[in-house]
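Student: Questions regarding the structure given below will be posed in turn.
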Amino acid sequence: MIDLHTHSLHSDGTETPRQLVERAKAAQLTLFAIADHDTTAGLEEAVNAADALHVAFIPALELTVDLHGRHAHLLGYGINLQYNELLNALLWRQEGRRVQFREKVRLANKRLNADHKGELDAEALLKEIKGIPGRPHIARAIVAMGWEQKFRPAFDKYLIDYIPETVAFKPAHAIELIHRAGGIASLAHPGSDEIGLGRFAKTAQEVRAALKELIAQGMDGIEVWTPAHTFKMRAFYEKMAEELHLIITGGTDWHGPSFDAPAPGIFEIPDTVAEGIRSKLKM
Ligand SMILES: [Zn+2]
Ligand SMILES: [Zn+2]
């Protein structure tokens, strides 16, 4: 079993890189990756923990890209952590994320007000947040205020259909950065309506066209195994990957226990899913 998509507290997860690696060890995963949003800050700790605990680990990240007017996520696997051009681009992006965080809090506040709940203070939250700020921080704050009982309804009620105003990476630029850092690029949760192709590509033909557009820009793979996909979607994207010669990746998108999603090792991703990435990264 493998898991190639998890988040630490260096972005919007709640666990340290070391805790995540310990989780991978306990679940006896044969390949593991942490892919924080727009940062590599947790990867050195993770690499060291993985070495010490003998966990096969891939340094990764998840870049936000602008795609058809909203955001999509590109996973980069096997990146060189010392590659300055990538680190500089991430600094630019991290500033953009703070601006976007304020936009997201505004969106949530509008809906919270309409529900006669209170309001969140974006600046106070930003001060408190240790990692790269994201919507999960806002959903957790809504739960902490007692306005919702659980993470998932807080997220779905107050934070979906967010339309970004600031620019993220262009897909071609993100893919190029990943490649130049020695990595490979895979489109995260492509079937997602909220942050994937599902939002604008409704038919198989439209999905194929969207994937071809990204392949022309250098994209190497797609995340087929994800809790964001139904069984049917997984089969569909598996077929797409075969047809378009894309490698297949998979992961839980774990953000910690409060996220209402299956943990690494609970959502089962077979070892065979790692074959493509192993051969591309020669590991
Ligand atoms: Zn994502
Ligand atoms: Zn993710």
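The way I read the labels, and the way they are meant: chains A, B, ... in the order of the structure tokens, residue 1 as the first residue of every chain, and ligand 1 as the first ligand shown, with later ones counted on from there.
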Using only C-alpha atoms and all ligand atoms, what are the residues with an atom within 9 Å of ligand 1, set out as a list in words?
Tutor: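 Counting only C-alpha atoms and all ligand atoms, the residues within 9 Å of ligand 1 come out as His5, His37, Glu62, Leu63, Thr64, Ala72, His73, Leu74, Leu75, Leu187, Ala188, His189, Ile195, Gly196 and Asp253 of chain A.
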Student: Which residues sit within 12 Å of ligand 2, counting only C-alpha atoms and all ligand atoms, listed as a ChimeraX atom specification?
Tutor: /A:3-8,11-13,33-39,60-64,72-76,134-136,186-190,192,195-196,223,226-228,250-256,259,261
Student: Pick from A:Leu9, A:His54, A:Ala216, A:Ile2: nearest to Ile129 of chain A, with only C-alpha atoms counted?
Tutor: A:Leu9
Student: Write out as JSON, numbers by chain the residues lying within 8 Å of segment 173-178 of chain A, counting only C-alpha atoms and excluding same-chain residues fewer than 2 positions away.
Tutor: {"A": [63, 65, 74, 76, 77, 79, 85, 86, 169, 170, 171, 180, 181, 182, 183, 184, 185, 217, 218, 219]}
Student: Output C-alpha atoms of each residue in that selection to a file, as a PDB file, in the first residue's frame.
Tutor:
ATOM      1  CA  LEU A  63       1.370  23.795  -6.702  1.00  0.00           C
ATOM      2  CA  VAL A  65      -2.321  26.778 -10.891  1.00  0.00           C
ATOM      3  CA  LEU A  74      -0.395  20.121  -9.735  1.00  0.00           C
ATOM      4  CA  GLY A  76       5.416  17.674  -8.231  1.00  0.00           C
ATOM      5  CA  TYR A  77       7.291  14.486  -7.299  1.00  0.00           C
ATOM      6  CA  ILE A  79      11.970  17.581  -6.575  1.00  0.00           C
ATOM      7  CA  GLU A  85      14.441  29.000  -9.010  1.00  0.00           C
ATOM      8  CA  LEU A  86      11.640  26.911  -7.492  1.00  0.00           C
ATOM      9  CA  PHE A 169       1.045  29.796 -11.373  1.00  0.00           C
ATOM     10  CA  LYS A 170       0.311  29.280 -15.022  1.00  0.00           C
ATOM     11  CA  PRO A 171       0.234  25.491 -15.600  1.00  0.00           C
ATOM     12  CA  ARG A 180      13.738  21.866 -13.820  1.00  0.00           C
ATOM     13  CA  ALA A 181      13.831  20.849 -10.162  1.00  0.00           C
ATOM     14  CA  GLY A 182      14.203  17.258 -11.405  1.00  0.00           C
ATOM     15  CA  GLY A 183      10.634  16.209 -10.701  1.00  0.00           C
ATOM     16  CA  ILE A 184       7.561  14.960 -12.508  1.00  0.00           C
ATOM     17  CA  ALA A 185       4.170  16.664 -12.608  1.00  0.00           C
ATOM     18  CA  GLN A 217       2.588  21.826 -21.601  1.00  0.00           C
ATOM     19  CA  GLY A 218       4.572  18.878 -20.278  1.00  0.00           C
ATOM     20  CA  MET A 219       2.332  17.229 -17.674  1.00  0.00           C
TER      21      MET A 219
END
Student: With only C-alpha atoms as the basis for distance, which of A:Lys104, A:Arg23, A:His245, A:Lys239 is at the shortest distance from Thr166 of chain A?
Tutor: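 Closest candidate: A:Lys104.
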Student: Kindly give the distance, in Å, that separates atom CA of Ile269 of chain A and atom CA of Trp225 of chain A, rounded to a single decimal.
Tutor: 6.7 Å
Student: Quick check, in Å to one decimal: how far apart do atom CA of Glu243 of chain A and atom CA of Val224 of chain A lie?
Tutor: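 Separation of atom CA of Glu243 of chain A and atom CA of Val224 of chain A: 13.5 Å.
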Student: Go through segment 56-230 of chain A and collect every residue that DSSP, computed from the backbone, puts in helix (DSSP H, G or I); the answer should be as a ChimeraX atom specification.
Tutor: /A:84-114,122-128,135-144,151-158,171-180,204-216
Student: Selection from above, C-alpha atoms, as a short mmCIF file (atom, residue, chain, number, x, y, z; two decimals), in the first residue's frame, can you write it?
Tutor:
data_model
loop_
_atom_site.label_atom_id
_atom_site.label_comp_id
_atom_site.auth_asym_id
_atom_site.auth_seq_id
_atom_site.Cartn_x
_atom_site.Cartn_y
_atom_site.Cartn_z
CA ASN A 84 16.66 28.11 -6.10
CA GLU A 85 14.44 29.00 -9.01
CA LEU A 86 11.64 26.91 -7.49
CA LEU A 87 12.22 28.30 -3.99
CA ASN A 88 12.04 31.88 -5.31
CA ALA A 89 8.86 31.16 -7.25
CA LEU A 90 7.35 29.70 -4.07
CA LEU A 91 8.12 32.88 -2.12
CA TRP A 92 6.16 34.87 -4.71
CA ARG A 93 3.31 32.39 -4.56
CA GLN A 94 3.22 32.36 -0.75
CA GLU A 95 2.59 36.12 -0.75
CA GLY A 96 -0.30 35.51 -3.17
CA ARG A 97 -1.71 32.86 -0.85
CA ARG A 98 -1.95 35.35 2.01
CA VAL A 99 -3.91 37.72 -0.23
CA GLN A 100 -6.15 34.84 -1.27
CA PHE A 101 -6.63 33.75 2.32
CA ARG A 102 -8.18 37.15 3.02
CA GLU A 103 -10.46 36.67 -0.02
CA LYS A 104 -11.51 33.26 1.29
CA VAL A 105 -12.26 34.61 4.77
CA ARG A 106 -14.35 37.37 3.17
CA LEU A 107 -16.34 34.74 1.29
CA ALA A 108 -16.86 32.69 4.47
CA ASN A 109 -17.84 35.79 6.47
CA LYS A 110 -20.45 36.76 3.90
CA ARG A 111 -22.07 33.35 4.24
CA LEU A 112 -21.63 33.23 8.03
CA ASN A 113 -23.35 36.61 8.29
CA ALA A 114 -26.21 35.40 6.13
CA ALA A 122 -8.47 37.09 8.80
CA GLU A 123 -5.50 38.97 10.25
CA ALA A 124 -5.77 37.22 13.62
CA LEU A 125 -5.97 33.85 11.86
CA LEU A 126 -2.97 34.66 9.67
CA LYS A 127 -0.95 35.49 12.76
CA GLU A 128 -1.87 32.19 14.36
CA ARG A 135 -9.32 26.89 3.34
CA PRO A 136 -8.92 24.02 5.85
CA HIS A 137 -7.65 26.59 8.39
CA ILE A 138 -10.87 28.57 7.93
CA ALA A 139 -13.08 25.48 8.19
CA ARG A 140 -11.30 24.47 11.40
CA ALA A 141 -11.74 28.00 12.79
CA ILE A 142 -15.48 27.81 12.06
CA VAL A 143 -15.66 24.53 14.00
CA ALA A 144 -13.54 26.01 16.84
CA PHE A 151 -15.05 20.10 9.40
CA ARG A 152 -16.74 18.83 6.25
CA PRO A 153 -20.04 20.75 6.56
CA ALA A 154 -18.09 23.87 7.58
CA PHE A 155 -16.01 23.56 4.41
CA ASP A 156 -18.93 22.74 2.12
CA LYS A 157 -21.25 25.45 3.46
CA TYR A 158 -18.89 28.38 3.71
CA PRO A 171 0.23 25.49 -15.60
CA ALA A 172 3.12 25.62 -18.10
CA HIS A 173 5.26 27.55 -15.61
CA ALA A 174 4.44 25.19 -12.72
CA ILE A 175 5.25 22.13 -14.85
CA GLU A 176 8.49 23.71 -16.04
CA LEU A 177 9.54 24.54 -12.47
CA ILE A 178 8.85 20.96 -11.37
CA HIS A 179 10.80 19.54 -14.32
CA ARG A 180 13.74 21.87 -13.82
CA ALA A 204 -15.26 12.51 -21.65
CA GLN A 205 -14.39 14.55 -24.72
CA GLU A 206 -13.99 17.74 -22.68
CA VAL A 207 -11.84 15.96 -20.10
CA ARG A 208 -9.67 14.53 -22.86
CA ALA A 209 -9.24 18.00 -24.36
CA ALA A 210 -8.34 19.51 -20.98
CA LEU A 211 -5.80 16.78 -20.31
CA LYS A 212 -4.28 17.14 -23.79
CA GLU A 213 -3.91 20.86 -23.18
CA LEU A 214 -1.87 20.10 -20.03
CA ILE A 215 0.08 17.28 -21.68
CA ALA A 216 1.12 19.73 -24.41
#
Student: In segment 65-242 of chain A, what's strand (DSSP E) per DSSP? Answer as a ChimeraX atom specification?
Tutor: /A:65-67,70-77,184-187,221-225
Student: Write the residues of the preceding selection, restricted to N, CA and C atoms, as a PDB file, in the first residue's frame.
Tutor:
ATOM      1  N   VAL A  65      -2.400  26.175  -9.550  1.00  0.00           N
ATOM      2  CA  VAL A  65      -2.321  26.778 -10.891  1.00  0.00           C
ATOM      3  C   VAL A  65      -3.679  27.363 -11.271  1.00  0.00           C
ATOM      4  N   ASP A  66      -3.632  28.367 -12.117  1.00  0.00           N
ATOM      5  CA  ASP A  66      -4.864  28.934 -12.663  1.00  0.00           C
ATOM      6  C   ASP A  66      -5.281  28.098 -13.857  1.00  0.00           C
ATOM      7  N   LEU A  67      -6.512  27.617 -13.822  1.00  0.00           N
ATOM      8  CA  LEU A  67      -6.997  26.791 -14.922  1.00  0.00           C
ATOM      9  C   LEU A  67      -8.454  27.141 -15.200  1.00  0.00           C
ATOM     10  N   ARG A  70     -10.370  29.302 -12.469  1.00  0.00           N
ATOM     11  CA  ARG A  70     -10.308  28.925 -11.052  1.00  0.00           C
ATOM     12  C   ARG A  70      -8.972  28.237 -10.800  1.00  0.00           C
ATOM     13  N   HIS A  71      -8.894  27.586  -9.655  1.00  0.00           N
ATOM     14  CA  HIS A  71      -7.643  26.916  -9.314  1.00  0.00           C
ATOM     15  C   HIS A  71      -7.692  25.417  -9.597  1.00  0.00           C
ATOM     16  N   ALA A  72      -6.534  24.885  -9.934  1.00  0.00           N
ATOM     17  CA  ALA A  72      -6.342  23.433  -9.971  1.00  0.00           C
ATOM     18  C   ALA A  72      -5.021  23.163  -9.261  1.00  0.00           C
ATOM     19  N   HIS A  73      -4.738  21.895  -8.960  1.00  0.00           N
ATOM     20  CA  HIS A  73      -3.542  21.549  -8.198  1.00  0.00           C
ATOM     21  C   HIS A  73      -2.643  20.602  -8.989  1.00  0.00           C
ATOM     22  N   LEU A  74      -1.378  20.962  -9.059  1.00  0.00           N
ATOM     23  CA  LEU A  74      -0.395  20.121  -9.735  1.00  0.00           C
ATOM     24  C   LEU A  74       0.585  19.567  -8.712  1.00  0.00           C
ATOM     25  N   LEU A  75       0.704  18.260  -8.659  1.00  0.00           N
ATOM     26  CA  LEU A  75       1.644  17.628  -7.752  1.00  0.00           C
ATOM     27  C   LEU A  75       3.001  17.513  -8.437  1.00  0.00           C
ATOM     28  N   GLY A  76       4.053  17.838  -7.708  1.00  0.00           N
ATOM     29  CA  GLY A  76       5.416  17.674  -8.231  1.00  0.00           C
ATOM     30  C   GLY A  76       6.140  16.643  -7.385  1.00  0.00           C
ATOM     31  N   TYR A  77       6.653  15.587  -8.030  1.00  0.00           N
ATOM     32  CA  TYR A  77       7.291  14.486  -7.299  1.00  0.00           C
ATOM     33  C   TYR A  77       8.776  14.381  -7.599  1.00  0.00           C
ATOM     34  N   ILE A 184       8.603  15.237 -11.526  1.00  0.00           N
ATOM     35  CA  ILE A 184       7.561  14.960 -12.508  1.00  0.00           C
ATOM     36  C   ILE A 184       6.240  15.547 -12.001  1.00  0.00           C
ATOM     37  N   ALA A 185       5.396  15.934 -12.953  1.00  0.00           N
ATOM     38  CA  ALA A 185       4.170  16.664 -12.608  1.00  0.00           C
ATOM     39  C   ALA A 185       2.936  15.817 -12.849  1.00  0.00           C
ATOM     40  N   SER A 186       2.063  15.764 -11.817  1.00  0.00           N
ATOM     41  CA  SER A 186       0.829  14.987 -11.923  1.00  0.00           C
ATOM     42  C   SER A 186      -0.347  15.848 -11.468  1.00  0.00           C
ATOM     43  N   LEU A 187      -1.415  15.830 -12.230  1.00  0.00           N
ATOM     44  CA  LEU A 187      -2.600  16.632 -11.895  1.00  0.00           C
ATOM     45  C   LEU A 187      -3.355  15.986 -10.732  1.00  0.00           C
ATOM     46  N   GLY A 221       1.540  13.094 -15.551  1.00  0.00           N
ATOM     47  CA  GLY A 221       0.642  12.097 -14.984  1.00  0.00           C
ATOM     48  C   GLY A 221      -0.621  12.691 -14.390  1.00  0.00           C
ATOM     49  N   ILE A 222      -1.499  11.807 -13.916  1.00  0.00           N
ATOM     50  CA  ILE A 222      -2.699  12.251 -13.204  1.00  0.00           C
ATOM     51  C   ILE A 222      -2.914  11.372 -11.967  1.00  0.00           C
ATOM     52  N   GLU A 223      -3.515  12.001 -10.968  1.00  0.00           N
ATOM     53  CA  GLU A 223      -3.859  11.287  -9.746  1.00  0.00           C
ATOM     54  C   GLU A 223      -5.174  10.559  -9.991  1.00  0.00           C
ATOM     55  N   VAL A 224      -5.070   9.255 -10.104  1.00  0.00           N
ATOM     56  CA  VAL A 224      -6.256   8.438 -10.378  1.00  0.00           C
ATOM     57  C   VAL A 224      -6.873   7.956  -9.066  1.00  0.00           C
ATOM     58  N   TRP A 225      -5.997   7.590  -8.121  1.00  0.00           N
ATOM     59  CA  TRP A 225      -6.454   7.048  -6.835  1.00  0.00           C
ATOM     60  C   TRP A 225      -6.529   8.164  -5.808  1.00  0.00           C
TER      61      TRP A 225
END
Student: What is the distance between atom CA of Ile163 of chain A and atom CA of Met233 of chain A, in Å to one decimal?
Tutor: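 The value is 24.6 Å.
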Student: Please identify all polymer residues within 9 Å of Glu275 of chain A, counting only C-alpha atoms, omitting same-chain residues fewer than 5 positions from it, and present them as number ranges by chain.
Tutor: A: 247-248, 280
Student: With distances taken over only C-alpha atoms, which of A:Gln19, A:Ser279, A:Gln82, A:Thr40 is nearest to Pro264 of chain A?
Tutor: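 Smallest distance to Pro264 of chain A is found for A:Gln19.
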Student: For Pro164 of chain A, which of A:Arg18, A:His10, A:Lys25, A:His68 is the closest residue, counting only C-alpha atoms?
Tutor: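 Ranking A:Arg18, A:His10, A:Lys25, A:His68 by distance to Pro164 of chain A, first place goes to A:His68.
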